[in-house]
Every structure is written in C-alpha cells, then in structure tokens.
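Beneath this line is the structure, given in structure tokens, with notes to follow.
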Amino acid sequence: MANIIELNDLSAPGLDVYARLTEGQLKHKRHPENALFIAEGVKVIGHALDAGCVPVSLLMERRHLTGKAAELASRCGDVPVYTGEDGLLASLTGYRLSRGVLCAMKRPSLPTVEAVCQNARRLAVLEHISDATNIGAILRSAAALGMDGVLLSPDCCDPLNRRAVRVSMGTVFQIPWTWLEGWPEPGLSRLGSIGFRTAALALTGESVSVDDPALAASERLALVLGAEGDGLSPATIATCDFTVRIPMGHGVDSLNVAAAGAVAFWELRIR
C-alpha cells in the first residue's frame with residue numbers, strides 16, 4: 001500500500017535526491033550499492049519497473065495520486081510517495097513537473113560486454129558522446145531500429161543521467177548496454193575477438209556509403225559513432241574495419257550524431 005507523505009515544506013531529507021544531489025552524488029561512487037538514478041514520467045518509470053529496477057521513493061503532484069500515477073504508486077509497494085501542490089513541488093525541483101511524477105530508483109547492475117554481445121548481430125558503439133540528449137536519443141533509435149545492444153566508451157555521458165533517461169523514453173531499460181573499457185584499444189580488438197566487424201561513421205576519403213553491400217553482408221557488425229562536433233578520433237577510425245558515410249545533398253556535410261545513428265541503424269539492421 002502506498003505510503004503517502006503530504007509535504008508542507010521542503011526540508012525532508014528524503015527530498016534531497018530530487019533537488020539537492022548532483023548526478024555525481026546520485027552515482028555514489030564510493031558506495032555503488034547505494035547509487036540512485038531518477039526516472040521521470042509514468043511510461044518511463046513503468047519501463048524501469050518492468051526491467052526490475054527497485055524504487056526508493058516517488059515525488060508526484062497531488063492530482064496524480066488518483067489519476068494516471070495511481071497504478072504506478074501501487075506497483076512501488078510501501079516506498080514513500082511525496083506529494084503536494086504543484087507550486088510547492090516546482091519550488092523544490094526548480095521547474096514544473098511536466099510529466100507529473102518522479103521516481104528515485106536504485107541503479108541496476110550492468111551486464112558484461114560479453115553478455116551484451118552474446119546473441120547480438122548489430123551493435124551501436126559510442127565514443128565520447130557527452131550530451132545527455134544525444135545519448136537518450138541514440139538509445140531510443142537503437143532500440144527501435146534494429147540494434148541488439150549499445151556499448152559506451154568510458155568518457156560518454158551516463159545513460160542513467162536524468163535527462164538521458166527522459167529523452168530515451170525508457171528504452172534505456174529495454175535495450176542491453178554497458179561500458180566498454182580500454183578505448184579505443186583494447187576495446188575494439190575485444191569486439192573483433194568476439195566476432196564483430198567494426199564500422200566507423202566518419203567523413204574520410206576512404207569511406208564507403210552506408211548502403212554498401214559489404215556492410216549489410218557482415219554477419220556481426222558494430223557501428224561506431226563519435227563525439228558531437230569532433231566526431232571519431234583518428235585512432236578509432238584507423239582501427240575499424242570500415243569507414244562509413246551517409247550520402248547527403250544540398251552541400252550538407254554531416255548530421256547530428258543521434259540523427260546519423262538513426263539513419264545507419266535503419267539501413268544496416270538485419271532484414
């Protein structure tokens with residue numbers, strides 16, 4: 001049964017997680033067993049619960065207690081459900097809760113690289129992508145457009161960043177992902193030893209079109225996308241088996257990394 005806590009002020013320690021802790025503090029690197037993340041919106045929180053994530057508390061506008069979040073609160077058992085008037089909650093978070101409900105959850109254990117790769121035929125591999133919106137959008141496209149998993153270099157933005165989770169629309173809980181240590185080497189060699197050919201999305205003189213038959217014919221293919229602005233590092237491009245470009249018109253030389261990923265995922269999915 002929901003443990004509803006009516007808020008009259010914002011001093012309750014249980015509210016720190018929603019407004020007074022940074023993303024770094026939520027990750028709790030010294031004690032990862034206590035690490036948390038924030039999910040926003042009924043749909044996203046539902047996907048997280050479906051994936052086995054453990055709720056710690058909820059924060060929602062009062063009107064949602066008997067509305068769209070009522071079933072969600074019941075799924076979360078007896079965790080605290082903080083609620084109050086819209087204006088009070090907005091003064092806590094700094095913005096109106098556009099989706100009406102937030103949930104603090106324990107960070108799940110991540111699979112190994114080998115587990116993500118085990119049954120995969122198509123992977124997205126991300127290098128130094130630091131924008132949370134791009135991470136969320138890439139995860140959403142990867143889940144929707146035929147990728148079997150996502151691997152991230154250690155300097156990428158955390159996929160459980162609050163904004164990344166929101167932009168992903170909960171697909172961060174639906175597609176397997178994990179960190180790929182040792183980048184670009186030995187990470188790329190590790191993928192090769194598992195059986196993946198690697199394709200760097202980059203504009204070079206040696207690049208082939210994304211619809212090149214050799215790419216589609218690859219039994220196992222990892223598509224490597226690079227940082228906003230600078231793209232992939234020269235070392236990464238040199239190490240990959242293919243360099244791939246997306247043909248474009250009107251003199252446009254490149255797309256946003258999330259848009260480029262969506263095009264490549266669709267074109268190179270397993271038919």
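A note on labels: chains of the structure tokens are A, B, ... as shown, every chain counts residues from 1, and ligands are counted from 1 in their shown order.
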
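Residue-level DSSP output for stretch 133-225 of chain A, from the backbone, shows strand (DSSP E or B) at Gly149, Val150, Leu151, Leu152, Trp177, Thr178, Trp179, Arg197, Thr198, Ala199, Ala200, Leu201, Val208, Ser209, Leu221, Ala222, Leu223, Val224 and Leu225 of chain A.
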
Those same residues - N, CA and C atoms - I'd like them written as a PDB file, in the first residue's frame.
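Output file part.pdb is given in full below:
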```pdb
ATOM      1  N   GLY A 149      22.207  -4.066 -28.972  1.00  0.00           N
ATOM      2  CA  GLY A 149      22.840  -3.606 -27.747  1.00  0.00           C
ATOM      3  C   GLY A 149      23.647  -2.355 -28.011  1.00  0.00           C
ATOM      4  N   VAL A 150      24.059  -1.687 -26.935  1.00  0.00           N
ATOM      5  CA  VAL A 150      24.843  -0.456 -27.022  1.00  0.00           C
ATOM      6  C   VAL A 150      26.025  -0.568 -26.071  1.00  0.00           C
ATOM      7  N   LEU A 151      27.214  -0.220 -26.568  1.00  0.00           N
ATOM      8  CA  LEU A 151      28.417  -0.163 -25.757  1.00  0.00           C
ATOM      9  C   LEU A 151      28.926   1.272 -25.754  1.00  0.00           C
ATOM     10  N   LEU A 152      29.416   1.732 -24.610  1.00  0.00           N
ATOM     11  CA  LEU A 152      29.847   3.118 -24.475  1.00  0.00           C
ATOM     12  C   LEU A 152      31.290   3.195 -23.992  1.00  0.00           C
ATOM     13  N   TRP A 177      22.886  -2.522 -22.486  1.00  0.00           N
ATOM     14  CA  TRP A 177      24.001  -1.602 -22.679  1.00  0.00           C
ATOM     15  C   TRP A 177      24.987  -1.759 -21.530  1.00  0.00           C
ATOM     16  N   THR A 178      26.218  -1.370 -21.794  1.00  0.00           N
ATOM     17  CA  THR A 178      27.228  -1.379 -20.745  1.00  0.00           C
ATOM     18  C   THR A 178      28.417  -0.560 -21.212  1.00  0.00           C
ATOM     19  N   TRP A 179      29.394  -0.387 -20.315  1.00  0.00           N
ATOM     20  CA  TRP A 179      30.614   0.372 -20.616  1.00  0.00           C
ATOM     21  C   TRP A 179      31.651  -0.555 -21.242  1.00  0.00           C
ATOM     22  N   ARG A 197      32.773  -7.189 -36.894  1.00  0.00           N
ATOM     23  CA  ARG A 197      33.467  -6.219 -37.711  1.00  0.00           C
ATOM     24  C   ARG A 197      32.994  -4.841 -37.273  1.00  0.00           C
ATOM     25  N   THR A 198      33.860  -3.856 -37.374  1.00  0.00           N
ATOM     26  CA  THR A 198      33.554  -2.533 -36.859  1.00  0.00           C
ATOM     27  C   THR A 198      33.495  -1.521 -37.994  1.00  0.00           C
ATOM     28  N   ALA A 199      32.494  -0.639 -37.937  1.00  0.00           N
ATOM     29  CA  ALA A 199      32.279   0.361 -38.978  1.00  0.00           C
ATOM     30  C   ALA A 199      32.222   1.738 -38.338  1.00  0.00           C
ATOM     31  N   ALA A 200      33.216   2.579 -38.627  1.00  0.00           N
ATOM     32  CA  ALA A 200      33.287   3.930 -38.086  1.00  0.00           C
ATOM     33  C   ALA A 200      32.495   4.886 -38.969  1.00  0.00           C
ATOM     34  N   LEU A 201      31.529   5.598 -38.399  1.00  0.00           N
ATOM     35  CA  LEU A 201      30.811   6.621 -39.154  1.00  0.00           C
ATOM     36  C   LEU A 201      31.655   7.891 -39.159  1.00  0.00           C
ATOM     37  N   VAL A 208      33.013   4.398 -47.311  1.00  0.00           N
ATOM     38  CA  VAL A 208      32.062   3.799 -48.242  1.00  0.00           C
ATOM     39  C   VAL A 208      30.660   4.231 -47.836  1.00  0.00           C
ATOM     40  N   SER A 209      29.741   4.169 -48.777  1.00  0.00           N
ATOM     41  CA  SER A 209      28.374   4.562 -48.488  1.00  0.00           C
ATOM     42  C   SER A 209      27.735   3.588 -47.501  1.00  0.00           C
ATOM     43  N   LEU A 221      28.054  -6.836 -36.923  1.00  0.00           N
ATOM     44  CA  LEU A 221      28.588  -5.517 -37.246  1.00  0.00           C
ATOM     45  C   LEU A 221      28.351  -4.561 -36.089  1.00  0.00           C
ATOM     46  N   ALA A 222      29.391  -3.830 -35.711  1.00  0.00           N
ATOM     47  CA  ALA A 222      29.304  -2.805 -34.674  1.00  0.00           C
ATOM     48  C   ALA A 222      29.482  -1.440 -35.324  1.00  0.00           C
ATOM     49  N   LEU A 223      28.483  -0.575 -35.189  1.00  0.00           N
ATOM     50  CA  LEU A 223      28.517   0.767 -35.766  1.00  0.00           C
ATOM     51  C   LEU A 223      29.050   1.740 -34.717  1.00  0.00           C
ATOM     52  N   VAL A 224      30.141   2.419 -35.042  1.00  0.00           N
ATOM     53  CA  VAL A 224      30.843   3.255 -34.078  1.00  0.00           C
ATOM     54  C   VAL A 224      30.561   4.718 -34.374  1.00  0.00           C
ATOM     55  N   LEU A 225      29.974   5.423 -33.410  1.00  0.00           N
ATOM     56  CA  LEU A 225      29.607   6.829 -33.563  1.00  0.00           C
ATOM     57  C   LEU A 225      30.422   7.672 -32.602  1.00  0.00           C
TER      58      LEU A 225
END
```

Check your understanding: If you count only C-alpha atoms, which residues fall within 7 Å of stretch 132-136 of chain A, apart from same-chain ones fewer than 3 positions away, as a VMD selection string?
Key -> chain A and resid 129 139 to 140 157 159 161 163 to 165 167 to 168 258

Practice item. Just give me the gap between atom CA of A:Ala51 and atom CA of A:Thr171 in Å, one decimal is fine. Key: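 Between these atoms lies a distance of 10.2 Å.
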
Practice item. Please provide as number ranges by chain all residues within 6 Å of A:Glu61, with the sequence filter that same-chain residues fewer than 5 positions apart are discarded (counting only C-alpha atoms). Key: A: 83-84, 86, 100

Point to revise | Spatial neighbours of A:Glu185, 12 Å, only C-alpha atoms, chain gap at least 6 places, as JSON, numbers by chain | key: {"A": [153, 191, 192, 235, 236, 237, 238, 239, 240]}

Point to revise | From A:Ala120, A:Gln174, A:His128, A:Arg190, residue lying nearest A:Asp148 [only C-alpha atoms] | key: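 Ranked by minimum distance to A:Asp148, first place goes to A:Ala120.
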
Practice item. Mind the document's chain letters and residue numbers, and return as a ChimeraX atom specification the residues of stretch 51-248 of chain A that DSSP labels alpha helix (DSSP H). Key: /A:70-75,86-93,113-117,132-144,162-167,187-194,213-216,234-239

Check your understanding: Quick one: residues within 9 Å of A:Thr204, only C-alpha atoms counted, chain neighbours fewer than 4 positions away excluded, as JSON, numbers by chain?
Key -> {"A": [243, 244, 245]}

**Study point:** stretch 18-32 of chain A surroundings by only C-alpha atoms, 12 Å radius, close-in-sequence under 3 positions cut, as a PyMOL selection string
**Key:** chain A and resi 10-15+35-40+56-60+82+89-95+97+101-110+132+157-164

Just the selected residues (N, CA and C atoms), exported as a compact mmCIF listing (two decimals), in the first residue's frame, please.
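Okay, selection-v1.txt is ready:
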```
# COMPACT_ATOMS: atom_id res chain seq x y z
N LEU A 10 9.88 21.85 2.42
CA LEU A 10 10.78 21.10 1.55
C LEU A 10 12.05 20.64 2.26
N SER A 11 11.99 20.53 3.59
CA SER A 11 13.19 20.20 4.35
C SER A 11 13.39 18.70 4.55
N ALA A 12 12.42 17.89 4.18
CA ALA A 12 12.53 16.45 4.42
C ALA A 12 13.78 15.89 3.74
N PRO A 13 14.64 15.13 4.48
CA PRO A 13 15.86 14.58 3.88
C PRO A 13 15.59 13.70 2.66
N GLY A 14 14.43 13.04 2.63
CA GLY A 14 14.11 12.17 1.52
C GLY A 14 13.95 12.90 0.20
N LEU A 15 13.85 14.24 0.27
CA LEU A 15 13.70 15.03 -0.95
C LEU A 15 15.04 15.43 -1.56
N ALA A 35 23.88 3.65 -4.96
CA ALA A 35 23.72 4.58 -6.08
C ALA A 35 22.28 4.60 -6.57
N LEU A 36 21.86 5.79 -7.01
CA LEU A 36 20.48 6.00 -7.44
C LEU A 36 20.45 6.69 -8.81
N PHE A 37 19.29 6.66 -9.43
CA PHE A 37 19.02 7.49 -10.59
C PHE A 37 17.57 7.94 -10.49
N ILE A 38 17.22 8.93 -11.33
CA ILE A 38 15.87 9.48 -11.32
C ILE A 38 15.19 9.17 -12.64
N ALA A 39 14.00 8.59 -12.58
CA ALA A 39 13.16 8.37 -13.76
C ALA A 39 11.97 9.31 -13.68
N GLU A 40 11.57 9.83 -14.83
CA GLU A 40 10.50 10.83 -14.87
C GLU A 40 9.40 10.40 -15.83
N VAL A 56 12.85 3.62 -4.75
CA VAL A 56 13.19 4.06 -3.40
C VAL A 56 12.14 5.03 -2.88
N SER A 57 11.68 5.92 -3.75
CA SER A 57 10.61 6.86 -3.39
C SER A 57 10.03 7.46 -4.65
N LEU A 58 8.86 8.10 -4.49
CA LEU A 58 8.19 8.79 -5.58
C LEU A 58 7.92 10.23 -5.16
N LEU A 59 7.92 11.13 -6.14
CA LEU A 59 7.51 12.51 -5.92
C LEU A 59 6.51 12.84 -7.01
N MET A 60 5.30 13.23 -6.61
CA MET A 60 4.29 13.50 -7.62
C MET A 60 3.33 14.58 -7.18
N TYR A 82 6.00 11.14 -1.91
CA TYR A 82 5.93 12.55 -1.51
C TYR A 82 5.00 13.29 -2.47
N LEU A 89 6.01 21.81 -5.25
CA LEU A 89 6.94 20.86 -5.88
C LEU A 89 7.83 21.57 -6.90
N ALA A 90 7.26 22.55 -7.61
CA ALA A 90 8.07 23.31 -8.57
C ALA A 90 9.17 24.09 -7.86
N SER A 91 8.90 24.58 -6.68
CA SER A 91 9.93 25.31 -5.94
C SER A 91 11.03 24.38 -5.45
N LEU A 92 10.71 23.09 -5.31
CA LEU A 92 11.73 22.11 -4.92
C LEU A 92 12.61 21.74 -6.09
N THR A 93 12.00 21.38 -7.21
CA THR A 93 12.77 20.88 -8.35
C THR A 93 13.31 21.99 -9.23
N GLY A 94 12.74 23.20 -9.11
CA GLY A 94 13.17 24.28 -9.97
C GLY A 94 12.38 24.38 -11.26
N TYR A 95 11.44 23.49 -11.47
CA TYR A 95 10.61 23.52 -12.67
C TYR A 95 9.33 22.75 -12.39
N LEU A 97 6.72 19.92 -12.83
CA LEU A 97 6.87 18.52 -13.22
C LEU A 97 6.03 18.27 -14.46
N VAL A 101 5.38 13.21 -12.29
CA VAL A 101 5.86 12.23 -11.31
C VAL A 101 7.33 11.91 -11.56
N LEU A 102 8.09 11.84 -10.47
CA LEU A 102 9.49 11.42 -10.49
C LEU A 102 9.63 10.20 -9.59
N CYS A 103 10.59 9.35 -9.90
CA CYS A 103 10.85 8.18 -9.06
C CYS A 103 12.35 8.01 -8.88
N ALA A 104 12.79 7.98 -7.64
CA ALA A 104 14.18 7.65 -7.33
C ALA A 104 14.30 6.13 -7.25
N MET A 105 15.28 5.58 -7.97
CA MET A 105 15.43 4.13 -8.06
C MET A 105 16.89 3.74 -7.87
N LYS A 106 17.10 2.54 -7.40
CA LYS A 106 18.45 2.02 -7.27
C LYS A 106 19.03 1.73 -8.65
N ARG A 107 20.29 2.08 -8.84
CA ARG A 107 20.93 1.80 -10.12
C ARG A 107 21.08 0.29 -10.30
N PRO A 108 20.67 -0.24 -11.44
CA PRO A 108 20.78 -1.69 -11.66
C PRO A 108 22.21 -2.10 -11.95
N SER A 109 22.51 -3.36 -11.72
CA SER A 109 23.80 -3.92 -12.13
C SER A 109 23.82 -4.04 -13.64
N LEU A 110 24.94 -3.71 -14.24
CA LEU A 110 25.05 -3.75 -15.70
C LEU A 110 25.59 -5.10 -16.16
N ALA A 132 23.66 14.56 -22.87
CA ALA A 132 22.65 13.62 -22.36
C ALA A 132 21.50 13.44 -23.34
N CYS A 157 28.55 10.28 -21.70
CA CYS A 157 27.57 10.63 -20.68
C CYS A 157 26.87 9.38 -20.17
N ASP A 158 26.55 9.38 -18.90
CA ASP A 158 25.87 8.26 -18.25
C ASP A 158 24.46 8.09 -18.82
N PRO A 159 24.12 6.92 -19.37
CA PRO A 159 22.75 6.71 -19.87
C PRO A 159 21.67 6.81 -18.81
N LEU A 160 22.05 6.74 -17.51
CA LEU A 160 21.06 6.90 -16.45
C LEU A 160 21.03 8.32 -15.89
N ASN A 161 21.70 9.24 -16.58
CA ASN A 161 21.50 10.65 -16.31
C ASN A 161 20.01 10.97 -16.47
N ARG A 162 19.48 11.84 -15.61
CA ARG A 162 18.03 12.09 -15.61
C ARG A 162 17.51 12.49 -16.98
N ARG A 163 18.22 13.40 -17.66
CA ARG A 163 17.76 13.85 -18.97
C ARG A 163 17.87 12.75 -20.02
N ALA A 164 18.96 11.98 -19.96
CA ALA A 164 19.12 10.88 -20.92
C ALA A 164 18.00 9.86 -20.78
```

Review point. So, counting only C-alpha atoms, which residue among A:Cys156, A:Phe242, A:Ile5, A:Ile175 is closest to A:Asp131?
Key: A:Cys156

Exercise for review: Using only C-alpha atoms, find the one residue out of A:Leu215, A:Ala2, A:Met248, A:Leu7 that sits nearest to A:Glu267.
Suggested key: A:Leu215
